Amino acid sequence: MNTHQHHEQEHHEHDEHHAHDEHHGHDEHDGHDGHDGHVEHHGHDGHQGHGGHGGHHGHGAPQGLTASDQGYTLIPETVGPEGEFTFRITGPDGKPVTGYEPQHEALLHLIVVRHDLSGYRHVHPELDADGTWRVAGPFDGPAAYHAYADFKAVGAAPLTLGVDLTLPGETTGRPLPEASATATVDGYTVTLTGELAAGNGAPLTFTVTRDGAPVTDLQPYLAAYGHLVALRAADLAYLHVHPDGEPGDGTTAPGPDITFHAVAPTAGPYRLYLDFKHGDAVHTAEFTAVAGA
């Protein structure tokens with residue numbers, strides 16, 4: 001399946017708007033109660049040229065570098081006493097958008113990552129009737145963050161908007177890990193086969209094992225056996241990639257391999273975040289990959 005952002009498209013019930021508690025390892029919010037006060041934010045309006053729908057339609061064009069695109073604007077509001085993050089998306093008429101179309105089992109996907117590409121979170125906020133989105137604090141302590149809102153407003157094309165957020169306080173940057181074909185998370189080992197190539201589609205296969213044995217009973221999560229987000233290290237440009245096949249199609253095996261076709265827009269390092277579900281919990285394996293010219 002080519003690079004696109006048909007994010008999670010089978011969400012039909014309002015009560016499914018809640019953040020998924022089973023996001024083991026990247027959806028817990030313990031320790032965020034101290035994030036009282038305001039969030040400083042700085043939209044990347046100077047990156048308008050990176051907007052558009054390339055990430056949705058397989059051309060490899062990055063998104064998420066601008067707070068406004070196609071008349072829609074992401075407006076952060078506050079982090080409340082319990083570490084809650086609230087924001088709105090306004091439409092071409094300047095009013096908060098209240099109508100969204102589900103994409104792979106959620107109306108909106110919020111990706112939050114530190115500027116140093118650590119502290120990745122993928123959560124699903126709740127939508128209030130007035131167009132305010134809210135979610136328990138997706139932040140991992142004081143730091144500079146970039147937040148991506150991936151959504152489809154009713155009658156509009158899918159979009160990913162992004163904004164910088166700063167939680168004040170002492171923080172230490174973390175260097176980008178060296179490129180590696182192996183990652184471990186929650187007792188699982190995930191091995192990456194394949195290489196990114198600038199401007200060309202390349203198969204990337206992730207093989208999931210546990211205690212040396214292949215995992216052959218991956219569980220469907222958001223209508224797929226795996227989800228891959230790629231962030232360009234140079235500027236945090238966002239690409240979302242979905243795997244070949246889907247659960248229940250009669251041909252796609254539930255592991256141990258999850259294969260994606262990704263298009264890197266430019267050469268250089270990327271950080272890859274693979275979500276997969278097993279044992280009734282969602283796990284995130286992280287990789288650094290370098291796209292060749």
# chains A, B, ... in the order shown; residues from 1 in each chain; ligands from 1

call {"tool": "residues_around", "arguments": {"residues": "stretch 147-153 of chain A", "least_positions_apart": "4", "cutoff": "7 Å", "atoms": "only C-alpha atoms", "output": "VMD selection string"}}
result
chain A and resid 64 99 to 101 107 to 113 157 to 164

call {"tool": "residues_around", "arguments": {"residues": "stretch 213-230 of chain A", "least_positions_apart": "2", "cutoff": "7 Å", "atoms": "only C-alpha atoms", "output": "PyMOL selection string"}}
result
chain A and resi 8+104-105+208-211+232+238-243+246-247+254-256+258+270-278

call {"tool": "residues_around", "arguments": {"residues": "stretch 72-74 of chain A", "least_positions_apart": "6", "cutoff": "6 Å", "atoms": "only C-alpha atoms", "output": "PyMOL selection string"}}
result
chain A and resi 89-92

call {"tool": "atom_distance", "arguments": {"atom1": "atom CA of A:Lys95", "atom2": "atom CA of A:Ala144"}}
result
28.1 Å

call {"tool": "residues_around", "arguments": {"residues": "A:Phe87", "least_positions_apart": "4", "cutoff": "8 Å", "atoms": "only C-alpha atoms", "output": "list in words"}}
result
Leu74, Ile75, Pro76, Glu77, Thr78, Thr132, Trp133 and Arg134 of chain A

call {"tool": "write_last_selection", "arguments": {"atoms": "N, CA, C and O atoms", "output": "mmCIF file, in the first residue's frame"}}
result
data_model
loop_
_atom_site.group_PDB
_atom_site.id
_atom_site.type_symbol
_atom_site.label_atom_id
_atom_site.label_comp_id
_atom_site.auth_asym_id
_atom_site.auth_seq_id
_atom_site.Cartn_x
_atom_site.Cartn_y
_atom_site.Cartn_z
ATOM 1 N N LEU A 74 -4.935 24.689 13.004
ATOM 2 C CA LEU A 74 -4.826 24.037 14.305
ATOM 3 C C LEU A 74 -4.477 25.094 15.349
ATOM 4 O O LEU A 74 -3.457 25.780 15.224
ATOM 5 N N ILE A 75 -5.309 25.225 16.372
ATOM 6 C CA ILE A 75 -5.123 26.243 17.398
ATOM 7 C C ILE A 75 -5.018 25.567 18.761
ATOM 8 O O ILE A 75 -6.027 25.142 19.330
ATOM 9 N N PRO A 76 -3.811 25.436 19.317
ATOM 10 C CA PRO A 76 -3.671 24.889 20.675
ATOM 11 C C PRO A 76 -4.296 25.844 21.688
ATOM 12 O O PRO A 76 -4.307 27.058 21.492
ATOM 13 N N GLU A 77 -4.791 25.274 22.785
ATOM 14 C CA GLU A 77 -5.366 26.106 23.829
ATOM 15 C C GLU A 77 -4.580 25.971 25.123
ATOM 16 O O GLU A 77 -3.688 26.760 25.382
ATOM 17 N N THR A 78 -4.839 24.970 25.944
ATOM 18 C CA THR A 78 -4.182 24.914 27.245
ATOM 19 C C THR A 78 -3.813 23.488 27.625
ATOM 20 O O THR A 78 -4.312 22.509 27.081
ATOM 21 N N THR A 132 -14.046 21.632 20.497
ATOM 22 C CA THR A 132 -12.810 21.529 21.270
ATOM 23 C C THR A 132 -12.403 20.069 21.408
ATOM 24 O O THR A 132 -13.213 19.223 21.784
ATOM 25 N N TRP A 133 -11.148 19.788 21.089
ATOM 26 C CA TRP A 133 -10.578 18.461 21.312
ATOM 27 C C TRP A 133 -9.840 18.468 22.639
ATOM 28 O O TRP A 133 -9.160 19.428 22.970
ATOM 29 N N ARG A 134 -9.937 17.356 23.388
ATOM 30 C CA ARG A 134 -9.233 17.276 24.660
ATOM 31 C C ARG A 134 -8.733 15.855 24.886
ATOM 32 O O ARG A 134 -9.366 14.877 24.510
#

call {"tool": "residues_around", "arguments": {"residues": "A:Phe139", "least_positions_apart": "3", "cutoff": "9 Å", "atoms": "only C-alpha atoms", "output": "list in words"}}
result
His29, His32, His35, Gly83, Phe85, Val112, Val113, Arg114, Gly119, Tyr120, Arg121, Pro142, Ala143, Tyr145 and Leu167 of chain A

call {"tool": "write_last_selection", "arguments": {"atoms": "N, CA and C atoms", "output": "PDB file, in the first residue's frame"}}
result
ATOM      1  N   HIS A  29      -0.401   8.232  30.731  1.00  0.00           N
ATOM      2  CA  HIS A  29      -0.147   9.634  31.031  1.00  0.00           C
ATOM      3  C   HIS A  29       0.244   9.829  32.477  1.00  0.00           C
ATOM      4  N   HIS A  32       1.975  13.245  34.510  1.00  0.00           N
ATOM      5  CA  HIS A  32       1.780  14.489  33.766  1.00  0.00           C
ATOM      6  C   HIS A  32       0.950  15.505  34.536  1.00  0.00           C
ATOM      7  N   HIS A  35       1.771  19.378  34.812  1.00  0.00           N
ATOM      8  CA  HIS A  35       1.829  20.261  33.646  1.00  0.00           C
ATOM      9  C   HIS A  35       0.746  21.326  33.710  1.00  0.00           C
ATOM     10  N   GLY A  83      -3.002  17.984  33.424  1.00  0.00           N
ATOM     11  CA  GLY A  83      -2.159  17.707  32.263  1.00  0.00           C
ATOM     12  C   GLY A  83      -2.950  17.542  30.990  1.00  0.00           C
ATOM     13  N   PHE A  85      -4.549  18.363  27.484  1.00  0.00           N
ATOM     14  CA  PHE A  85      -4.236  19.207  26.340  1.00  0.00           C
ATOM     15  C   PHE A  85      -5.517  19.441  25.564  1.00  0.00           C
ATOM     16  N   VAL A 112       2.300  13.328  19.080  1.00  0.00           N
ATOM     17  CA  VAL A 112       3.116  14.306  19.803  1.00  0.00           C
ATOM     18  C   VAL A 112       4.511  13.720  19.976  1.00  0.00           C
ATOM     19  N   VAL A 113       5.541  14.520  19.656  1.00  0.00           N
ATOM     20  CA  VAL A 113       6.917  14.061  19.784  1.00  0.00           C
ATOM     21  C   VAL A 113       7.790  15.241  20.182  1.00  0.00           C
ATOM     22  N   ARG A 114       8.810  14.974  20.977  1.00  0.00           N
ATOM     23  CA  ARG A 114       9.769  16.025  21.301  1.00  0.00           C
ATOM     24  C   ARG A 114      10.526  16.443  20.042  1.00  0.00           C
ATOM     25  N   GLY A 119      10.122  10.607  23.068  1.00  0.00           N
ATOM     26  CA  GLY A 119       8.854  10.857  23.724  1.00  0.00           C
ATOM     27  C   GLY A 119       7.644  10.773  22.819  1.00  0.00           C
ATOM     28  N   TYR A 120       7.676   9.881  21.836  1.00  0.00           N
ATOM     29  CA  TYR A 120       6.576   9.743  20.867  1.00  0.00           C
ATOM     30  C   TYR A 120       5.283   9.302  21.549  1.00  0.00           C
ATOM     31  N   ARG A 121       4.174   9.952  21.191  1.00  0.00           N
ATOM     32  CA  ARG A 121       2.834   9.564  21.638  1.00  0.00           C
ATOM     33  C   ARG A 121       1.876   9.590  20.454  1.00  0.00           C
ATOM     34  N   PRO A 142       8.813  18.588  30.785  1.00  0.00           N
ATOM     35  CA  PRO A 142       9.162  19.854  30.136  1.00  0.00           C
ATOM     36  C   PRO A 142      10.053  19.623  28.917  1.00  0.00           C
ATOM     37  N   ALA A 143       9.699  20.260  27.807  1.00  0.00           N
ATOM     38  CA  ALA A 143      10.476  20.107  26.576  1.00  0.00           C
ATOM     39  C   ALA A 143       9.799  20.903  25.474  1.00  0.00           C
ATOM     40  N   TYR A 145       8.051  20.463  21.936  1.00  0.00           N
ATOM     41  CA  TYR A 145       7.348  19.385  21.249  1.00  0.00           C
ATOM     42  C   TYR A 145       6.836  19.856  19.893  1.00  0.00           C
ATOM     43  N   LEU A 167       6.556  23.109  26.812  1.00  0.00           N
ATOM     44  CA  LEU A 167       6.259  23.011  28.235  1.00  0.00           C
ATOM     45  C   LEU A 167       7.481  23.502  28.987  1.00  0.00           C
TER      46      LEU A 167
END

call {"tool": "atom_distance", "arguments": {"atom1": "atom CA of A:Ser180", "atom2": "atom CA of A:Leu196"}}
result
12.7 Å

call {"tool": "residues_around", "arguments": {"residues": "A:Ala181", "least_positions_apart": "3", "cutoff": "12 Å", "atoms": "only C-alpha atoms", "output": "mmCIF file with N, CA, C and O atoms, in the first residue's frame"}}
result
data_model
loop_
_atom_site.group_PDB
_atom_site.id
_atom_site.type_symbol
_atom_site.label_atom_id
_atom_site.label_comp_id
_atom_site.auth_asym_id
_atom_site.auth_seq_id
_atom_site.Cartn_x
_atom_site.Cartn_y
_atom_site.Cartn_z
ATOM 1 N N PRO A 177 19.243 8.451 17.977
ATOM 2 C CA PRO A 177 19.945 7.163 17.996
ATOM 3 C C PRO A 177 20.513 6.817 16.629
ATOM 4 O O PRO A 177 20.008 7.245 15.588
ATOM 5 N N GLU A 178 21.589 6.053 16.648
ATOM 6 C CA GLU A 178 22.192 5.598 15.404
ATOM 7 C C GLU A 178 21.227 4.711 14.644
ATOM 8 O O GLU A 178 20.346 4.065 15.223
ATOM 9 N N THR A 184 13.918 -3.128 20.341
ATOM 10 C CA THR A 184 13.255 -3.934 21.359
ATOM 11 C C THR A 184 12.267 -3.061 22.112
ATOM 12 O O THR A 184 12.529 -1.880 22.374
ATOM 13 N N THR A 189 11.184 -8.185 20.067
ATOM 14 C CA THR A 189 12.258 -7.746 19.184
ATOM 15 C C THR A 189 11.673 -7.565 17.792
ATOM 16 O O THR A 189 10.990 -8.465 17.273
ATOM 17 N N VAL A 190 11.900 -6.415 17.216
ATOM 18 C CA VAL A 190 11.395 -6.120 15.875
ATOM 19 C C VAL A 190 12.584 -5.849 14.968
ATOM 20 O O VAL A 190 13.443 -5.020 15.286
ATOM 21 N N THR A 191 12.614 -6.533 13.838
ATOM 22 C CA THR A 191 13.722 -6.408 12.894
ATOM 23 C C THR A 191 13.219 -5.793 11.599
ATOM 24 O O THR A 191 12.194 -6.209 11.055
ATOM 25 N N LEU A 192 13.931 -4.796 11.122
ATOM 26 C CA LEU A 192 13.578 -4.089 9.889
ATOM 27 C C LEU A 192 14.417 -4.605 8.731
ATOM 28 O O LEU A 192 15.647 -4.647 8.813
ATOM 29 N N THR A 193 13.725 -4.978 7.668
ATOM 30 C CA THR A 193 14.388 -5.367 6.422
ATOM 31 C C THR A 193 13.956 -4.405 5.326
ATOM 32 O O THR A 193 12.757 -4.157 5.149
ATOM 33 N N GLY A 194 14.913 -3.864 4.579
ATOM 34 C CA GLY A 194 14.605 -2.897 3.533
ATOM 35 C C GLY A 194 15.191 -1.546 3.876
ATOM 36 O O GLY A 194 15.541 -1.270 5.034
ATOM 37 N N GLU A 195 15.324 -0.706 2.871
ATOM 38 C CA GLU A 195 15.930 0.602 3.067
ATOM 39 C C GLU A 195 15.094 1.688 2.410
ATOM 40 O O GLU A 195 14.525 1.484 1.328
ATOM 41 N N LEU A 196 15.021 2.835 3.083
ATOM 42 C CA LEU A 196 14.372 3.993 2.493
ATOM 43 C C LEU A 196 15.205 4.518 1.330
ATOM 44 O O LEU A 196 16.438 4.476 1.361
ATOM 45 N N LEU A 204 9.386 -1.877 3.173
ATOM 46 C CA LEU A 204 9.972 -1.992 4.505
ATOM 47 C C LEU A 204 9.208 -3.093 5.236
ATOM 48 O O LEU A 204 7.991 -2.998 5.409
ATOM 49 N N THR A 205 9.893 -4.137 5.646
ATOM 50 C CA THR A 205 9.249 -5.245 6.345
ATOM 51 C C THR A 205 9.751 -5.300 7.784
ATOM 52 O O THR A 205 10.962 -5.334 8.034
ATOM 53 N N PHE A 206 8.818 -5.295 8.716
ATOM 54 C CA PHE A 206 9.122 -5.397 10.134
ATOM 55 C C PHE A 206 8.712 -6.789 10.607
ATOM 56 O O PHE A 206 7.558 -7.203 10.427
ATOM 57 N N THR A 207 9.637 -7.523 11.201
ATOM 58 C CA THR A 207 9.384 -8.872 11.689
ATOM 59 C C THR A 207 9.374 -8.853 13.206
ATOM 60 O O THR A 207 10.346 -8.435 13.842
ATOM 61 N N ARG A 271 13.141 9.118 11.627
ATOM 62 C CA ARG A 271 12.801 8.301 12.784
ATOM 63 C C ARG A 271 11.490 7.593 12.480
ATOM 64 O O ARG A 271 10.509 8.228 12.055
ATOM 65 N N LEU A 272 11.471 6.271 12.640
ATOM 66 C CA LEU A 272 10.310 5.450 12.333
ATOM 67 C C LEU A 272 9.692 4.938 13.622
ATOM 68 O O LEU A 272 10.401 4.462 14.517
ATOM 69 N N ALA A 285 7.626 0.216 18.467
ATOM 70 C CA ALA A 285 9.050 -0.010 18.195
ATOM 71 C C ALA A 285 9.586 1.173 17.408
ATOM 72 O O ALA A 285 8.956 1.617 16.436
ATOM 73 N N GLU A 286 10.751 1.684 17.806
ATOM 74 C CA GLU A 286 11.308 2.892 17.189
ATOM 75 C C GLU A 286 12.632 2.573 16.501
ATOM 76 O O GLU A 286 13.454 1.822 17.031
ATOM 77 N N PHE A 287 12.823 3.166 15.325
ATOM 78 C CA PHE A 287 14.022 2.951 14.533
ATOM 79 C C PHE A 287 14.516 4.281 13.991
ATOM 80 O O PHE A 287 13.721 5.184 13.703
ATOM 81 N N THR A 288 15.811 4.378 13.785
ATOM 82 C CA THR A 288 16.374 5.428 12.953
ATOM 83 C C THR A 288 16.785 4.787 11.625
ATOM 84 O O THR A 288 17.446 3.743 11.620
ATOM 85 N N ALA A 289 16.337 5.394 10.529
ATOM 86 C CA ALA A 289 16.685 4.898 9.189
ATOM 87 C C ALA A 289 17.178 6.067 8.352
ATOM 88 O O ALA A 289 16.705 7.198 8.512
ATOM 89 N N VAL A 290 18.128 5.800 7.498
ATOM 90 C CA VAL A 290 18.695 6.831 6.647
ATOM 91 C C VAL A 290 18.314 6.552 5.206
ATOM 92 O O VAL A 290 18.632 5.486 4.656
#

call {"tool": "closest_residue", "arguments": {"among": "A:Val135, A:Val123, A:Val282, A:Ala198", "to": "A:Asp186", "atoms": "only C-alpha atoms"}}
result
A:Val282

call {"tool": "atom_distance", "arguments": {"atom1": "atom CA of A:Ser118", "atom2": "atom CA of A:Ala233"}}
result
11.1 Å

call {"tool": "decode", "arguments": {"residues": "stretch 117-142 of chain A", "atoms": "N, CA, C and O atoms", "output": "compact mmCIF listing (two decimals), in the first residue's frame"}}
result
# COMPACT_ATOMS: atom_id res chain seq x y z
N LEU A 117 12.93 14.08 18.73
CA LEU A 117 12.32 12.85 18.21
C LEU A 117 12.19 11.75 19.25
O LEU A 117 11.95 10.59 18.92
N SER A 118 12.28 12.12 20.53
CA SER A 118 11.99 11.17 21.60
C SER A 118 10.60 11.47 22.15
O SER A 118 9.96 12.44 21.77
N GLY A 119 10.12 10.61 23.07
CA GLY A 119 8.85 10.86 23.72
C GLY A 119 7.64 10.77 22.82
O GLY A 119 6.67 11.50 23.00
N TYR A 120 7.68 9.88 21.84
CA TYR A 120 6.58 9.74 20.87
C TYR A 120 5.28 9.30 21.55
O TYR A 120 5.27 8.39 22.37
N ARG A 121 4.17 9.95 21.19
CA ARG A 121 2.83 9.56 21.64
C ARG A 121 1.88 9.59 20.45
O ARG A 121 1.94 10.49 19.61
N HIS A 122 0.97 8.62 20.41
CA HIS A 122 -0.09 8.58 19.42
C HIS A 122 -1.37 8.34 20.19
O HIS A 122 -1.59 7.26 20.73
N VAL A 123 -2.22 9.38 20.28
CA VAL A 123 -3.43 9.31 21.09
C VAL A 123 -4.63 9.77 20.29
O VAL A 123 -4.50 10.32 19.19
N HIS A 124 -5.82 9.56 20.86
CA HIS A 124 -7.07 9.87 20.17
C HIS A 124 -7.94 10.71 21.09
O HIS A 124 -8.61 10.19 21.99
N PRO A 125 -7.94 12.02 20.89
CA PRO A 125 -8.68 12.93 21.78
C PRO A 125 -10.19 12.76 21.65
O PRO A 125 -10.71 12.18 20.70
N GLU A 126 -10.89 13.31 22.64
CA GLU A 126 -12.34 13.39 22.62
C GLU A 126 -12.76 14.74 22.04
O GLU A 126 -12.11 15.75 22.25
N LEU A 127 -13.88 14.73 21.32
CA LEU A 127 -14.40 15.94 20.69
C LEU A 127 -15.61 16.45 21.46
O LEU A 127 -16.60 15.73 21.63
N ASP A 128 -15.53 17.70 21.93
CA ASP A 128 -16.68 18.35 22.54
C ASP A 128 -17.61 18.89 21.46
O ASP A 128 -17.21 19.11 20.32
N ALA A 129 -18.83 19.16 21.85
CA ALA A 129 -19.83 19.64 20.90
C ALA A 129 -19.44 20.98 20.29
O ALA A 129 -19.84 21.30 19.17
N ASP A 130 -18.64 21.78 21.01
CA ASP A 130 -18.27 23.10 20.50
C ASP A 130 -17.03 23.06 19.61
O ASP A 130 -16.53 24.11 19.20
N GLY A 131 -16.51 21.85 19.31
CA GLY A 131 -15.35 21.74 18.44
C GLY A 131 -14.03 21.70 19.16
O GLY A 131 -12.97 21.73 18.52
N THR A 132 -14.05 21.63 20.50
CA THR A 132 -12.81 21.53 21.27
C THR A 132 -12.40 20.07 21.41
O THR A 132 -13.21 19.22 21.78
N TRP A 133 -11.15 19.79 21.09
CA TRP A 133 -10.58 18.46 21.31
C TRP A 133 -9.84 18.47 22.64
O TRP A 133 -9.16 19.43 22.97
N ARG A 134 -9.94 17.36 23.39
CA ARG A 134 -9.23 17.28 24.66
C ARG A 134 -8.73 15.85 24.89
O ARG A 134 -9.37 14.88 24.51
N VAL A 135 -7.54 15.77 25.50
CA VAL A 135 -6.93 14.48 25.77
C VAL A 135 -6.05 14.62 27.00
O VAL A 135 -5.45 15.67 27.23
N ALA A 136 -5.98 13.55 27.79
CA ALA A 136 -5.08 13.55 28.94
C ALA A 136 -3.66 13.77 28.46
O ALA A 136 -3.26 13.29 27.40
N GLY A 137 -2.87 14.52 29.23
CA GLY A 137 -1.58 15.04 28.80
C GLY A 137 -0.68 14.08 28.05
O GLY A 137 -0.19 13.12 28.63
N PRO A 138 -0.47 14.32 26.79
CA PRO A 138 0.38 13.45 25.98
C PRO A 138 1.85 13.86 26.01
O PRO A 138 2.62 13.48 25.13
N PHE A 139 2.24 14.64 27.01
CA PHE A 139 3.60 15.17 27.06
C PHE A 139 4.44 14.42 28.07
O PHE A 139 3.94 13.98 29.11
N ASP A 140 5.72 14.33 27.79
CA ASP A 140 6.65 13.57 28.61
C ASP A 140 7.60 14.53 29.33
O ASP A 140 8.80 14.51 29.15
N GLY A 141 7.02 15.42 30.14
CA GLY A 141 7.83 16.36 30.90
C GLY A 141 8.15 17.63 30.14
O GLY A 141 7.82 17.78 28.95
N PRO A 142 8.81 18.59 30.78
CA PRO A 142 9.16 19.85 30.14
C PRO A 142 10.05 19.62 28.92
O PRO A 142 11.03 18.88 28.98
